[in-house]
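Asker: Provided herewith: my_file10.tsv, TSV, C-alpha atoms.
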```tsv
chain	number	residue	atom	x	y	z
A	1	MET	CA	-40.87	3.93	46.27
A	2	GLN	CA	-43.01	5.51	43.62
A	3	LYS	CA	-41.28	7.53	40.97
A	4	GLY	CA	-41.78	11.27	41.19
A	5	VAL	CA	-41.83	11.13	44.99
A	6	PRO	CA	-38.23	11.88	45.87
A	7	ALA	CA	-36.66	10.31	48.91
A	8	ALA	CA	-36.11	12.54	51.91
A	9	ASN	CA	-32.59	13.24	50.74
A	10	ASN	CA	-33.77	14.03	47.18
A	11	ARG	CA	-31.81	11.17	45.69
A	12	GLU	CA	-33.26	8.80	43.17
A	13	ILE	CA	-31.66	5.39	42.67
A	14	GLU	CA	-32.76	3.90	39.41
A	15	ARG	CA	-31.76	1.39	36.71
A	16	LYS	CA	-32.91	1.28	33.12
A	17	PHE	CA	-33.16	-1.70	30.75
A	18	LEU	CA	-34.20	-2.49	27.21
A	19	LEU	CA	-36.83	-5.23	26.93
A	20	LYS	CA	-36.61	-8.60	25.17
A	21	ARG	CA	-40.39	-8.74	25.14
A	22	LEU	CA	-43.37	-7.12	26.84
A	23	PRO	CA	-44.54	-8.95	29.97
A	24	GLU	CA	-47.81	-10.89	30.09
A	25	LYS	CA	-49.01	-8.62	32.88
A	26	LEU	CA	-49.11	-5.55	30.65
A	27	LYS	CA	-52.83	-5.98	30.01
A	28	GLY	CA	-54.65	-4.63	33.01
A	29	ALA	CA	-51.61	-2.71	34.33
A	30	ARG	CA	-52.08	0.90	35.39
A	31	CYS	CA	-51.00	3.15	32.58
A	32	TYR	CA	-50.63	6.86	31.94
A	33	ILE	CA	-49.88	9.07	29.00
A	34	ILE	CA	-46.78	11.14	29.74
A	35	GLU	CA	-45.85	14.24	27.78
A	36	GLN	CA	-42.64	16.00	28.75
A	37	GLY	CA	-40.29	18.69	27.51
A	38	TYR	CA	-37.09	20.34	28.66
A	39	LEU	CA	-36.65	23.99	29.61
A	40	ALA	CA	-32.87	23.67	29.79
A	41	SER	CA	-30.27	20.94	30.04
A	42	GLU	CA	-26.54	20.96	30.66
A	43	SER	CA	-23.97	18.26	30.24
A	44	ALA	CA	-23.54	16.22	33.45
A	45	GLY	CA	-27.27	15.54	33.38
A	46	ARG	CA	-28.33	18.85	34.93
A	47	GLN	CA	-31.81	19.56	33.60
A	48	VAL	CA	-35.18	21.19	34.19
A	49	ARG	CA	-38.11	19.15	32.89
A	50	LEU	CA	-41.81	19.96	32.48
A	51	ARG	CA	-44.12	16.97	32.53
A	52	LYS	CA	-47.81	16.18	32.25
A	53	LYS	CA	-48.56	12.69	33.60
A	54	ALA	CA	-52.22	11.72	33.32
A	55	ASN	CA	-52.95	15.45	33.05
A	56	THR	CA	-51.10	16.31	36.29
A	57	PRO	CA	-48.41	18.91	35.56
A	58	SER	CA	-45.06	19.05	37.33
A	59	LEU	CA	-41.60	20.60	37.10
A	60	THR	CA	-38.54	18.51	37.93
A	61	PHE	CA	-34.89	19.39	38.47
A	62	LYS	CA	-32.35	16.59	38.04
A	63	VAL	CA	-28.59	16.47	38.23
A	64	GLY	CA	-26.11	13.62	37.84
A	65	ARG	CA	-25.80	10.58	35.59
A	66	GLY	CA	-26.10	6.84	36.09
A	67	ALA	CA	-28.04	5.02	38.79
A	68	HIS	CA	-27.75	7.74	41.49
A	69	ARG	CA	-29.19	11.17	40.77
A	70	GLU	CA	-30.46	14.16	42.69
A	71	GLU	CA	-34.07	14.93	41.89
A	72	ARG	CA	-36.39	17.71	43.06
A	73	GLU	CA	-39.96	17.87	41.86
A	74	ILE	CA	-42.86	20.28	42.39
A	75	LYS	CA	-46.46	20.08	41.22
A	76	LEU	CA	-47.55	22.95	39.01
A	77	SER	CA	-50.97	24.50	38.60
A	78	PRO	CA	-52.41	24.19	35.06
A	79	LYS	CA	-51.84	27.94	34.67
A	80	GLN	CA	-48.16	27.73	35.70
A	81	PHE	CA	-47.67	24.81	33.31
A	82	ALA	CA	-49.35	26.62	30.41
A	83	ALA	CA	-47.11	29.66	30.88
A	84	LEU	CA	-43.88	27.62	30.63
A	85	TRP	CA	-44.77	24.79	28.24
A	86	PRO	CA	-44.24	26.74	24.95
A	87	ALA	CA	-40.58	27.16	25.95
A	88	THR	CA	-40.06	23.39	25.48
A	89	ALA	CA	-40.93	23.43	21.76
A	90	ARG	CA	-38.69	21.04	19.77
A	91	ARG	CA	-37.50	19.45	23.05
A	92	ARG	CA	-40.42	17.17	23.80
A	93	LEU	CA	-41.40	13.54	23.84
A	94	ARG	CA	-44.49	11.43	24.47
A	95	LYS	CA	-44.75	7.96	25.91
A	96	VAL	CA	-47.21	5.60	27.56
A	97	ARG	CA	-46.10	4.39	30.96
A	98	TYR	CA	-47.24	1.05	32.37
A	99	GLU	CA	-46.73	0.32	36.07
A	100	ILE	CA	-46.01	-3.31	36.94
A	101	PRO	CA	-45.65	-4.23	40.63
A	102	TRP	CA	-42.78	-6.70	40.98
A	103	LYS	CA	-41.42	-8.15	44.25
A	104	ASN	CA	-41.90	-5.06	46.46
A	105	LEU	CA	-40.65	-2.88	43.60
A	106	LEU	CA	-42.37	-1.08	40.77
A	107	ILE	CA	-41.30	-1.67	37.18
A	108	GLU	CA	-42.18	1.21	34.90
A	109	ILE	CA	-42.38	0.34	31.22
A	110	ASP	CA	-42.19	3.30	28.86
A	111	VAL	CA	-43.54	2.79	25.34
A	112	TYR	CA	-42.42	5.78	23.30
A	113	ARG	CA	-44.73	7.46	20.82
A	114	GLY	CA	-44.20	9.83	17.94
A	115	ARG	CA	-40.76	9.87	16.29
A	116	HIS	CA	-39.39	7.44	18.92
A	117	ALA	CA	-42.16	4.88	18.34
A	118	GLY	CA	-40.67	1.37	18.60
A	119	LEU	CA	-38.48	2.20	21.58
A	120	VAL	CA	-39.52	0.50	24.82
A	121	VAL	CA	-37.55	0.72	28.08
A	122	ALA	CA	-38.13	-0.40	31.65
A	123	GLU	CA	-37.08	1.61	34.70
A	124	VAL	CA	-36.89	0.36	38.27
A	125	GLU	CA	-36.51	2.73	41.22
A	126	PHE	CA	-34.96	1.44	44.42
A	127	PRO	CA	-35.29	2.51	48.07
A	128	ASP	CA	-31.55	2.08	48.72
A	129	ARG	CA	-28.20	1.14	47.14
A	130	VAL	CA	-28.18	-2.45	48.34
A	131	THR	CA	-31.56	-3.25	46.79
A	132	CYS	CA	-30.34	-1.54	43.63
A	133	ARG	CA	-27.17	-3.63	43.42
A	134	LYS	CA	-28.85	-6.93	44.23
A	135	PHE	CA	-31.72	-6.51	41.79
A	136	GLU	CA	-32.19	-9.57	39.56
A	137	PRO	CA	-33.94	-8.57	36.36
A	138	PRO	CA	-36.91	-10.67	35.22
A	139	SER	CA	-36.41	-12.93	32.20
A	140	TRP	CA	-38.17	-10.53	29.84
A	141	PHE	CA	-35.61	-7.74	30.54
A	142	GLY	CA	-32.90	-7.18	27.94
A	143	ARG	CA	-29.63	-5.23	28.06
A	144	GLU	CA	-29.10	-2.71	30.88
A	145	VAL	CA	-28.74	0.88	29.62
A	146	THR	CA	-28.51	2.77	32.94
A	147	GLY	CA	-26.64	6.03	32.37
A	148	GLU	CA	-26.35	5.54	28.59
A	149	LYS	CA	-26.82	8.96	27.14
A	150	ARG	CA	-28.42	7.55	24.01
A	151	TYR	CA	-31.41	6.35	26.02
A	152	SER	CA	-31.76	9.39	28.29
A	153	ASN	CA	-35.06	11.20	27.88
A	154	VAL	CA	-33.41	14.57	27.50
A	155	GLN	CA	-31.31	13.19	24.64
A	156	LEU	CA	-34.34	11.62	22.95
A	157	ALA	CA	-36.31	14.85	23.35
A	158	ASN	CA	-33.55	16.92	21.74
A	159	GLU	CA	-33.04	14.61	18.73
B	160	MET	CA	-43.35	48.17	31.13
B	161	GLN	CA	-42.38	46.76	34.47
B	162	LYS	CA	-39.78	44.07	34.53
B	163	GLY	CA	-41.02	40.60	35.33
B	164	VAL	CA	-44.28	41.24	33.48
B	165	PRO	CA	-43.53	39.82	30.05
B	166	ALA	CA	-45.06	41.42	26.97
B	167	ALA	CA	-47.92	39.53	25.34
B	168	ASN	CA	-45.46	37.91	22.96
B	169	ASN	CA	-43.09	36.94	25.81
B	170	ARG	CA	-40.30	39.11	24.44
B	171	GLU	CA	-38.27	41.39	26.63
B	172	ILE	CA	-36.40	44.27	25.04
B	173	GLU	CA	-33.75	45.54	27.39
B	174	ARG	CA	-30.42	47.40	27.49
B	175	LYS	CA	-27.80	47.30	30.22
B	176	PHE	CA	-25.23	49.95	31.20
B	177	LEU	CA	-22.48	50.49	33.72
B	178	LEU	CA	-22.83	53.69	35.76
B	179	LYS	CA	-20.50	56.69	35.99
B	180	ARG	CA	-22.15	57.64	39.25
B	181	LEU	CA	-25.31	56.92	41.21
B	182	PRO	CA	-28.16	59.35	40.47
B	183	GLU	CA	-29.36	61.96	42.99
B	184	LYS	CA	-32.79	60.33	42.97
B	185	LEU	CA	-31.58	57.12	44.55
B	186	LYS	CA	-32.61	58.26	48.01
B	187	GLY	CA	-36.32	57.70	48.31
B	188	ALA	CA	-36.48	55.36	45.30
B	189	ARG	CA	-38.38	52.10	45.66
B	190	CYS	CA	-35.96	49.33	46.37
B	191	TYR	CA	-36.02	45.56	46.86
B	192	ILE	CA	-33.62	42.88	47.92
B	193	ILE	CA	-33.27	40.30	45.16
B	194	GLU	CA	-31.82	36.86	45.69
B	195	GLN	CA	-31.58	34.59	42.69
B	196	GLY	CA	-30.03	31.32	41.61
B	197	TYR	CA	-29.92	29.18	38.48
B	198	LEU	CA	-31.34	25.67	38.12
B	199	ALA	CA	-29.72	25.20	34.72
B	200	SER	CA	-28.16	27.32	31.99
B	201	GLU	CA	-27.01	26.56	28.47
B	202	SER	CA	-24.90	28.56	26.11
B	203	ALA	CA	-27.02	30.85	23.91
B	204	GLY	CA	-28.51	32.31	27.07
B	205	ARG	CA	-31.05	29.53	27.67
B	206	GLN	CA	-31.64	29.41	31.41
B	207	VAL	CA	-34.03	28.66	34.26
B	208	ARG	CA	-33.80	31.07	37.17
B	209	LEU	CA	-35.30	31.05	40.66
B	210	ARG	CA	-35.74	34.45	42.26
B	211	LYS	CA	-37.01	35.98	45.47
B	212	LYS	CA	-37.78	39.68	45.01
B	213	ALA	CA	-38.98	41.37	48.19
B	214	ASN	CA	-39.88	37.89	49.44
B	215	THR	CA	-42.03	37.07	46.38
B	216	PRO	CA	-40.72	33.88	44.74
B	217	SER	CA	-40.78	33.25	41.01
B	218	LEU	CA	-39.34	30.97	38.33
B	219	THR	CA	-38.21	32.44	35.01
B	220	PHE	CA	-37.23	30.88	31.71
B	221	LYS	CA	-35.10	32.99	29.35
B	222	VAL	CA	-33.52	32.32	25.99
B	223	GLY	CA	-31.44	34.49	23.67
B	224	ARG	CA	-28.72	37.09	24.08
B	225	GLY	CA	-28.49	40.82	23.61
B	226	ALA	CA	-31.31	43.36	23.74
B	227	HIS	CA	-34.10	41.00	22.54
B	228	ARG	CA	-34.85	37.92	24.56
B	229	GLU	CA	-37.73	35.53	25.14
B	230	GLU	CA	-38.85	35.44	28.76
B	231	ARG	CA	-41.51	33.40	30.56
B	232	GLU	CA	-42.13	33.87	34.25
B	233	ILE	CA	-44.42	32.23	36.81
B	234	LYS	CA	-44.99	33.03	40.46
B	235	LEU	CA	-44.20	30.21	42.85
B	236	SER	CA	-45.73	29.40	46.20
B	237	PRO	CA	-43.25	29.55	49.12
B	238	LYS	CA	-43.46	25.73	49.30
B	239	GLN	CA	-42.63	25.29	45.60
B	240	PHE	CA	-39.71	27.71	45.96
B	241	ALA	CA	-38.36	25.96	49.05
B	242	ALA	CA	-38.39	22.58	47.27
B	243	LEU	CA	-36.29	23.84	44.34
B	244	TRP	CA	-34.00	26.47	45.91
B	245	PRO	CA	-31.35	24.05	47.30
B	246	ALA	CA	-30.62	22.98	43.70
B	247	THR	CA	-29.17	26.46	42.99
B	248	ALA	CA	-26.35	26.15	45.56
B	249	ARG	CA	-23.10	27.71	44.26
B	250	ARG	CA	-25.06	29.41	41.45
B	251	ARG	CA	-26.54	32.34	43.32
B	252	LEU	CA	-26.25	36.09	43.68
B	253	ARG	CA	-27.75	38.88	45.76
B	254	LYS	CA	-28.39	42.46	44.83
B	255	VAL	CA	-30.41	45.49	45.86
B	256	ARG	CA	-32.59	46.86	43.09
B	257	TYR	CA	-33.60	50.52	42.95
B	258	GLU	CA	-36.41	51.60	40.62
B	259	ILE	CA	-36.07	55.07	39.11
B	260	PRO	CA	-38.90	56.35	36.87
B	261	TRP	CA	-37.36	58.17	33.91
B	262	LYS	CA	-39.26	59.70	30.93
B	263	ASN	CA	-42.07	57.09	30.70
B	264	LEU	CA	-39.48	54.35	31.29
B	265	LEU	CA	-38.21	52.61	34.37
B	266	ILE	CA	-34.49	52.50	35.14
B	267	GLU	CA	-33.54	49.61	37.37
B	268	ILE	CA	-30.26	50.00	39.23
B	269	ASP	CA	-28.76	46.80	40.58
B	270	VAL	CA	-26.23	47.15	43.39
B	271	TYR	CA	-24.59	43.75	43.81
B	272	ARG	CA	-23.85	42.29	47.25
B	273	GLY	CA	-21.61	39.53	48.48
B	274	ARG	CA	-18.65	38.54	46.32
B	275	HIS	CA	-19.77	40.93	43.55
B	276	ALA	CA	-19.98	43.93	45.89
B	277	GLY	CA	-18.80	47.04	44.02
B	278	LEU	CA	-20.55	46.15	40.78
B	279	VAL	CA	-23.45	48.43	39.89
B	280	VAL	CA	-25.43	48.22	36.64
B	281	ALA	CA	-28.54	49.87	35.24
B	282	GLU	CA	-31.12	48.10	33.10
B	283	VAL	CA	-33.86	49.71	31.06
B	284	GLU	CA	-36.74	47.71	29.59
B	285	PHE	CA	-38.53	49.04	26.51
B	286	PRO	CA	-42.06	48.53	25.19
B	287	ASP	CA	-40.85	48.21	21.57
B	288	ARG	CA	-37.76	48.19	19.33
B	289	VAL	CA	-38.03	51.82	18.25
B	290	THR	CA	-38.05	53.13	21.81
B	291	CYS	CA	-35.13	50.81	22.53
B	292	ARG	CA	-33.06	52.11	19.60
B	293	LYS	CA	-33.83	55.79	20.23
B	294	PHE	CA	-33.10	55.69	23.97
B	295	GLU	CA	-30.74	58.48	25.05
B	296	PRO	CA	-28.97	57.49	28.26
B	297	PRO	CA	-28.89	60.03	31.10
B	298	SER	CA	-25.56	61.71	31.83
B	299	TRP	CA	-24.82	59.46	34.82
B	300	PHE	CA	-24.88	56.31	32.63
B	301	GLY	CA	-21.53	54.84	31.62
B	302	ARG	CA	-20.56	52.28	28.99
B	303	GLU	CA	-23.30	50.08	27.49
B	304	VAL	CA	-22.79	46.37	28.27
B	305	THR	CA	-25.97	44.89	26.70
B	306	GLY	CA	-25.34	41.26	25.78
B	307	GLU	CA	-21.83	41.21	27.30
B	308	LYS	CA	-21.53	37.79	28.84
B	309	ARG	CA	-19.24	39.10	31.57
B	310	TYR	CA	-22.06	41.16	33.04
B	311	SER	CA	-24.84	38.59	32.64
B	312	ASN	CA	-26.37	37.50	35.93
B	313	VAL	CA	-26.01	33.83	35.12
B	314	GLN	CA	-22.29	34.36	34.51
B	315	LEU	CA	-21.87	36.31	37.75
B	316	ALA	CA	-23.80	33.65	39.69
B	317	ASN	CA	-21.59	30.86	38.35
B	318	GLU	CA	-18.28	32.60	39.07
```
Would you mind writing the file's structure down as structure tokens?

Answerer:
Amino acid sequence: MQKGVPAANNREIERKFLLKRLPEKLKGARCYIIEQGYLASESAGRQVRLRKKANTPSLTFKVGRGAHREEREIKLSPKQFAALWPATARRRLRKVRYEIPWKNLLIEIDVYRGRHAGLVVAEVEFPDRVTCRKFEPPSWFGREVTGEKRYSNVQLANE
Amino acid sequence: MQKGVPAANNREIERKFLLKRLPEKLKGARCYIIEQGYLASESAGRQVRLRKKANTPSLTFKVGRGAHREEREIKLSPKQFAALWPATARRRLRKVRYEIPWKNLLIEIDVYRGRHAGLVVAEVEFPDRVTCRKFEPPSWFGREVTGEKRYSNVQLANE
């Protein structure tokens, strides 16, 4: 299931990993520039995010921590986005996202830019809990950091 | 200046009062049903609100406390509103708003419904700080509660 398209029940099931190395397949992979900022965030992972992915603006609500989260996303018009974006000042981050198809799943590799340059993480979204649990990471994956606050985007954006 | 239409600099200047009694003019005043809920709220008054006012949906970002706050509002399509509204469950309130023109200003009287029934407050929005400071409340106004957390909508919605 592609990220950003919530399941019917608005749950996302996702794991996050550091990388030992970048995969061979990175050249030629689809990639996007993502710029995002946070309008508000609470503890317990409750947050409202603005994002521009390949120039397509959206607003996303998330709540929960760890592999299972509730997520609700709407597309915004450029005008709606422009009206809200200034409110995310000093709570933003930029990254390049590469999409790597992998065994019926999609691995998303995020290469952070700006003050987080050097950080690279991979996220995998799953259609259900069983697939999530049984996932065997490829050899180039490093330590799992699912749910670690230190690697959450909202935390990185607020640093 | 009408509420919901932010000033060019996205500041709202507003004072809030309890009421000694309802004004004579209430009959015949314009009134709307307002239903609102909060996607997320931080301390320091940073919040993202969803609202339906007379069936027109909007999303509003606010930050700051007291009489001077930053506010950014966008209209939502019914579809955008419907996708986000479930996320405000258990963080909602309903009220009837009456609009009373008063000496070049607009007094908004909010009569709360549901579990806050019995609470009535008046808000006045000002075009500038001088008008705000010099405002002389009508005789039917009671104690000023500007910036009192207890009477903030986000607080009432979360109770």

Asker: Tell me which of A:Arg49, A:Ala44, A:Gln80, A:Arg11 sits closest to chain B, counting all atoms listed in the file.

Answerer: A:Gln80

Asker: Got a sec to pull out which chain B residues are within 12 Å of chain A, counting all atoms listed in the file, and send them as an MDAnalysis selection string?

Answerer: chainID B and resid 165 167:169 197:209 217:223 229:247

Asker: Please produce a file of those selected residues containing C-alpha atoms, as a CSV table (one decimal), keeping the file's coordinate frame.

Answerer:
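Final output, saved to result.csv:
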```csv
chain,number,residue,atom,x,y,z
B,165,PRO,CA,-43.5,39.8,30.0
B,167,ALA,CA,-47.9,39.5,25.3
B,168,ASN,CA,-45.5,37.9,23.0
B,169,ASN,CA,-43.1,36.9,25.8
B,197,TYR,CA,-29.9,29.2,38.5
B,198,LEU,CA,-31.3,25.7,38.1
B,199,ALA,CA,-29.7,25.2,34.7
B,200,SER,CA,-28.2,27.3,32.0
B,201,GLU,CA,-27.0,26.6,28.5
B,202,SER,CA,-24.9,28.6,26.1
B,203,ALA,CA,-27.0,30.8,23.9
B,204,GLY,CA,-28.5,32.3,27.1
B,205,ARG,CA,-31.0,29.5,27.7
B,206,GLN,CA,-31.6,29.4,31.4
B,207,VAL,CA,-34.0,28.7,34.3
B,208,ARG,CA,-33.8,31.1,37.2
B,209,LEU,CA,-35.3,31.0,40.7
B,217,SER,CA,-40.8,33.2,41.0
B,218,LEU,CA,-39.3,31.0,38.3
B,219,THR,CA,-38.2,32.4,35.0
B,220,PHE,CA,-37.2,30.9,31.7
B,221,LYS,CA,-35.1,33.0,29.4
B,222,VAL,CA,-33.5,32.3,26.0
B,223,GLY,CA,-31.4,34.5,23.7
B,229,GLU,CA,-37.7,35.5,25.1
B,230,GLU,CA,-38.8,35.4,28.8
B,231,ARG,CA,-41.5,33.4,30.6
B,232,GLU,CA,-42.1,33.9,34.2
B,233,ILE,CA,-44.4,32.2,36.8
B,234,LYS,CA,-45.0,33.0,40.5
B,235,LEU,CA,-44.2,30.2,42.8
B,236,SER,CA,-45.7,29.4,46.2
B,237,PRO,CA,-43.2,29.6,49.1
B,238,LYS,CA,-43.5,25.7,49.3
B,239,GLN,CA,-42.6,25.3,45.6
B,240,PHE,CA,-39.7,27.7,46.0
B,241,ALA,CA,-38.4,26.0,49.0
B,242,ALA,CA,-38.4,22.6,47.3
B,243,LEU,CA,-36.3,23.8,44.3
B,244,TRP,CA,-34.0,26.5,45.9
B,245,PRO,CA,-31.4,24.0,47.3
B,246,ALA,CA,-30.6,23.0,43.7
B,247,THR,CA,-29.2,26.5,43.0
```

Asker: In file coordinates, which residues lie within 8 Å of (-35.8, 56.1, 41.1) using only C-alpha atoms, given as a list in words?

Answerer: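 Protein, DNA and RNA residues close to (-35.8, 56.1, 41.1): Lys184, Leu185, Lys186, Gly187, Ala188, Arg189, Tyr257, Glu258, Ile259, Pro260, Trp261, Leu265, Ile266 and Glu267 of chain B.
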
Asker: One decimal, Å: what's the distance from CA of Gly306 in chain B over to CA of Asn158 in chain A, could you say?

Answerer: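 Those two atoms sit 26.0 Å apart.
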
Asker: Expressed in Å to a single decimal, how great is the separation between CA of Arg253 in chain B and CA of Ile192 in chain B?

Answerer: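 So the two atoms, CA of Arg253 in chain B and CA of Ile192 in chain B, lie 7.4 Å apart.
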
Asker: So, counting only C-alpha atoms, which residue among B:Glu171, B:Asp287, B:Glu194, B:Glu183 is closest to Asp269 in chain B?

Answerer: B:Glu194

Asker: Have a look at CA of Asn263 in chain B and CA of Lys211 in chain B and let me know their distance in Å, one decimal.

Answerer: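 Those two atoms sit 26.3 Å apart.
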
Asker: Tell me which of A:Glu123, A:Arg15, A:Phe135, A:Arg97 sits closest to Val111 in chain A, counting all atoms listed in the file.

Answerer: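 Looking only at the distances to Val111 in chain A, the closest residue turns out to be A:Arg97.
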